[in-house]
2 protein chains.
Amino acid sequence: MGKSATKDSDVARSTITAPKLAAKWRKLAEARCAAANERLTPARLAAYAELLASKRPVSAYELIALMEDRQQRKIAPLTVYRHLDFLTRVGLVHRLESTHSYLPCDHPEHAHESQYLLCSSCGHADEVESKPLESILNKIADQRGFQPENTVVEIKGLCASCATSDSD
Amino acid sequence: MGKSATKDSDVARSTITAPKLAAKWRKLAEARCAAANERLTPARLAAYAELLASKRPVSAYELIALMEDRQQRKIAPLTVYRHLDFLTRVGLVHRLESTHSYLPCDHPEHAHESQYLLCSSCGHADEVESKPLESILNKIADQRGFQPENTVVEIKGLCASCATSDSD
DNA sequence: TGGCGAACGTTATAACATATCATTTGAACC
DNA sequence: GGTTCAAATGATATGTTATAACGTTCGCCA
Ligand SMILES: [Zn+2]
Ligand SMILES: [Zn+2]
Ligand SMILES: [Zn+2]
Ligand SMILES: [Zn+2]
């Protein structure tokens with residue numbers, strides 16, 4: 001079947017819409033996927049673009065809603081969870097454990113553990129890149145013969161602007 | 001109604017069963033609650049005792065099952081979540097964000113943030129108390145004008161014994 | 001012994017995540 | 001071009017974690 005091109009489903013698939021994605025991020029995504037020997041499909045890229053377009057971390061189900069709105073079709077949770085697994089696996093996205101949400105990495109040039117300051121008032125997530133923190137975490141593990149695979153650091157509290165506006 | 005003592009419900013309530021709780025832990029619990037000006041009820045103590053008796057971190061629903069087995073009656077999720085909120089609030093219990101589970105603090109004499117090494121193979125949770133780690137986390141927040149309220153540090157990987165038995 | 005706030009119970013539902021199995025896709029090879 | 005195979009996706013169902021809403025009981029204190 002289907003000698004002809006463009007069945008309806010082909011059209012639907014090939015026209016996955018997504019927020020505009022700056023060339024910089026697309027290049028990075030391609031580079032990370034090539035490095036990891038993984039495929040960067042349109043659906044995966046669309047999920048990534050949606051996260052990049054969001055001002056805040058989004059939950060998996062918020063991402064589903066965003067993509068359904070954009071694409072005007074139903075998307076199963078599993079689909080989005082698979083995209084998120086993929087994006088975190090290749091290092092383009094971090095998961096925030098304490099808020100069950102996801103956001104694009106601020107500097108995905110190199111793989112690293114996630115370290116965040118999370119404002120409980122405005123929801124802002126500030127990615128930290130602290131070598132000293134990294135090394136002390138490694139030291140702690142090392143001293144105990146522990147082999148780290150993945151480390152979560154999430155400092156929750158009030159960001160500078162919320163702290164100043166709230167106090168007094 | 002109820003002029004007499006001991007209705008059935010009184011009996012049920014007053015005979016909440018729980019794992020045996022060493023005097024040391026009971027004293028600590030009482031001290032922490034007094035300090036926080038909170039009530040240490042039988043149900044809360046029973047939940048704490050169950051966590052202490054467990055060899056591993058347990059999820060809220062595992063705790064429900066444990067308590068239902070012990071007490072031979074239905075317990076609603078909300079009830080146990082309230083006990084867990086209480087226990088974490090007074091500093092007797094920590095929540096592991098990355099595994100959605102709970103475990104008693106190893107040194108609840110003083111309040112502190114949770115810092116753990118979590119073995120993904122055997123499930124063991126090793127509580128760390130690192131002042132240097134604490135101070136660098138504070139410094140990171142400080143430099144950015146961030147007011148920390150609560151910090152999550154969870155190093156996931158292989159514990160010493162799992163690492164040696166797995167490798168090679 | 002009445003008032004009051006904390007704790008608890010009951011029911012329902014929201015939010016987060018995965019299992020299973022069928023189908024489609026796309027690159028590799030012939 | 002056609003075959004093959006693994007990866008990705010889709011569809012449906014279910015499992016797990018967490019909270020909302022509201023009424024009742026408990027324990028302290030005036
Ligand atoms: Zn990052
Ligand atoms: Zn803020
Ligand atoms: Zn502790
Ligand atoms: Zn282990």
# chains A, B, ... in the order shown; residues from 1 in each chain; ligands from 1

$ interface_residues --of "chain B" --to "chain C" --cutoff "12 Å" --atoms "only C-alpha atoms (C1' of nucleotides)" --output "VMD selection string"
chain B and resid 9 13 37 to 44 74 to 80 82 to 83 86 100

$ residues_near_ligand --ligand "ligand 2" --cutoff "12 Å" --atoms "only C-alpha atoms (C1' of nucleotides) and all ligand atoms" --output "ChimeraX atom specification"
/A:56,117-126,156-166 /B:144-148

$ interface_residues --of "chain D" --to "chain A" --cutoff "9 Å" --atoms "only C-alpha atoms (C1' of nucleotides)" --output "list in words"
DA7, DA8, DT9, DG10 and DA11 of chain D

$ write_last_selection --atoms "C-alpha atoms (C1' of nucleotides)" --output "PDB file, in the first residue's frame"
ATOM      1  C1'  DA D   7      14.410   2.351  17.224  1.00  0.00           C
ATOM      2  C1'  DA D   8      10.598   5.328  17.641  1.00  0.00           C
ATOM      3  C1'  DT D   9       5.787   6.111  17.953  1.00  0.00           C
ATOM      4  C1'  DG D  10       0.834   5.285  18.869  1.00  0.00           C
ATOM      5  C1'  DA D  11      -3.168   3.487  21.548  1.00  0.00           C
TER       6       DA D  11
END

$ residues_near_ligand --ligand "ligand 3" --cutoff "6 Å" --atoms "only C-alpha atoms (C1' of nucleotides) and all ligand atoms" --output "list in words"
Cys105, Asp106, His107, Pro108 and Ser114 of chain B

$ residues_near_ligand --ligand "ligand 1" --cutoff "9 Å" --atoms "only C-alpha atoms (C1' of nucleotides) and all ligand atoms" --output "ChimeraX atom specification"
/A:91-94,104-116,127-129

$ residues_around --residues "B:Glu97" --least-positions-apart "5" --cutoff "9 Å" --atoms "only C-alpha atoms (C1' of nucleotides)" --output "PyMOL selection string"
(chain A and resi 97-99) or (chain B and resi 102+152+154)

$ write_last_selection --atoms "N, CA and C atoms" --output "PDB file, in the first residue's frame"
ATOM      1  N   GLU A  97      13.717  17.331  40.590  1.00  0.00           N
ATOM      2  CA  GLU A  97      13.084  16.275  41.377  1.00  0.00           C
ATOM      3  C   GLU A  97      12.057  16.832  42.357  1.00  0.00           C
ATOM      4  N   SER A  98      12.383  17.978  42.935  1.00  0.00           N
ATOM      5  CA  SER A  98      11.521  18.449  44.009  1.00  0.00           C
ATOM      6  C   SER A  98      10.243  19.100  43.494  1.00  0.00           C
ATOM      7  N   THR A  99      10.179  19.372  42.192  1.00  0.00           N
ATOM      8  CA  THR A  99       8.955  19.957  41.647  1.00  0.00           C
ATOM      9  C   THR A  99       8.360  19.131  40.512  1.00  0.00           C
TER      10      THR A  99
ATOM     11  N   TYR B 102      10.574   7.985  52.303  1.00  0.00           N
ATOM     12  CA  TYR B 102      10.809   8.650  53.576  1.00  0.00           C
ATOM     13  C   TYR B 102      11.639   7.749  54.474  1.00  0.00           C
ATOM     14  N   VAL B 152      18.046  20.114  48.924  1.00  0.00           N
ATOM     15  CA  VAL B 152      18.064  18.684  48.615  1.00  0.00           C
ATOM     16  C   VAL B 152      19.414  18.317  48.018  1.00  0.00           C
ATOM     17  N   GLU B 154      21.094  14.742  46.846  1.00  0.00           N
ATOM     18  CA  GLU B 154      20.973  13.289  46.727  1.00  0.00           C
ATOM     19  C   GLU B 154      21.939  12.782  45.672  1.00  0.00           C
TER      20      GLU B 154
END

$ select_by_dssp --residues "chain A" --states "strand (DSSP E)" --output "short mmCIF file (atom, residue, chain, number, x, y, z; two decimals) with C-alpha atoms, in the first residue's frame"
data_model
loop_
_atom_site.label_atom_id
_atom_site.label_comp_id
_atom_site.auth_asym_id
_atom_site.auth_seq_id
_atom_site.Cartn_x
_atom_site.Cartn_y
_atom_site.Cartn_z
CA VAL A 93 17.18 18.92 29.59
CA HIS A 94 17.25 18.58 33.36
CA ARG A 95 14.55 17.20 35.59
CA LEU A 96 13.79 18.99 38.85
CA SER A 101 9.24 19.40 36.31
CA TYR A 102 11.60 19.78 33.40
CA LEU A 103 13.61 22.57 31.86
CA PRO A 104 16.29 22.99 29.21
CA SER A 114 22.07 19.37 37.71
CA GLN A 115 22.52 22.09 40.32
CA TYR A 116 19.70 24.57 40.85
CA LEU A 117 18.47 27.44 42.94
CA LEU A 118 14.68 27.18 42.90
CA CYS A 119 12.51 30.08 43.99
CA ALA A 125 15.03 28.14 38.32
CA ASP A 126 18.61 29.34 38.27
CA GLU A 127 21.10 26.78 37.05
CA GLN A 147 30.30 5.45 42.77
CA PRO A 148 28.06 8.36 41.80
CA GLU A 149 25.97 8.05 38.66
CA ASN A 150 23.76 11.05 39.01
CA THR A 151 23.49 13.80 41.57
CA VAL A 152 20.63 16.06 42.55
CA VAL A 153 21.29 19.46 44.11
CA GLU A 154 18.25 21.66 44.56
CA ILE A 155 18.39 24.67 46.85
CA LYS A 156 14.85 25.83 47.49
CA GLY A 157 14.03 29.26 48.86
CA LEU A 158 13.53 32.84 47.77
#

$ atom_distance --atom1 "atom CA of B:Arg73" --atom2 "atom CA of B:Ala47"
14.3 Å

$ select_by_dssp --residues "stretch 2-166 of chain B" --states "alpha helix (DSSP H)" --output "ChimeraX atom specification"
/B:8-14,23-36,42-53,60-71,77-89,131-143,160-166

$ atom_distance --atom1 "atom C1' of D:DT14" --atom2 "atom CA of A:Tyr81"
16.1 Å

$ atom_distance --atom1 "atom CA of A:Ile64" --atom2 "atom CA of A:Ala34"
26.2 Å
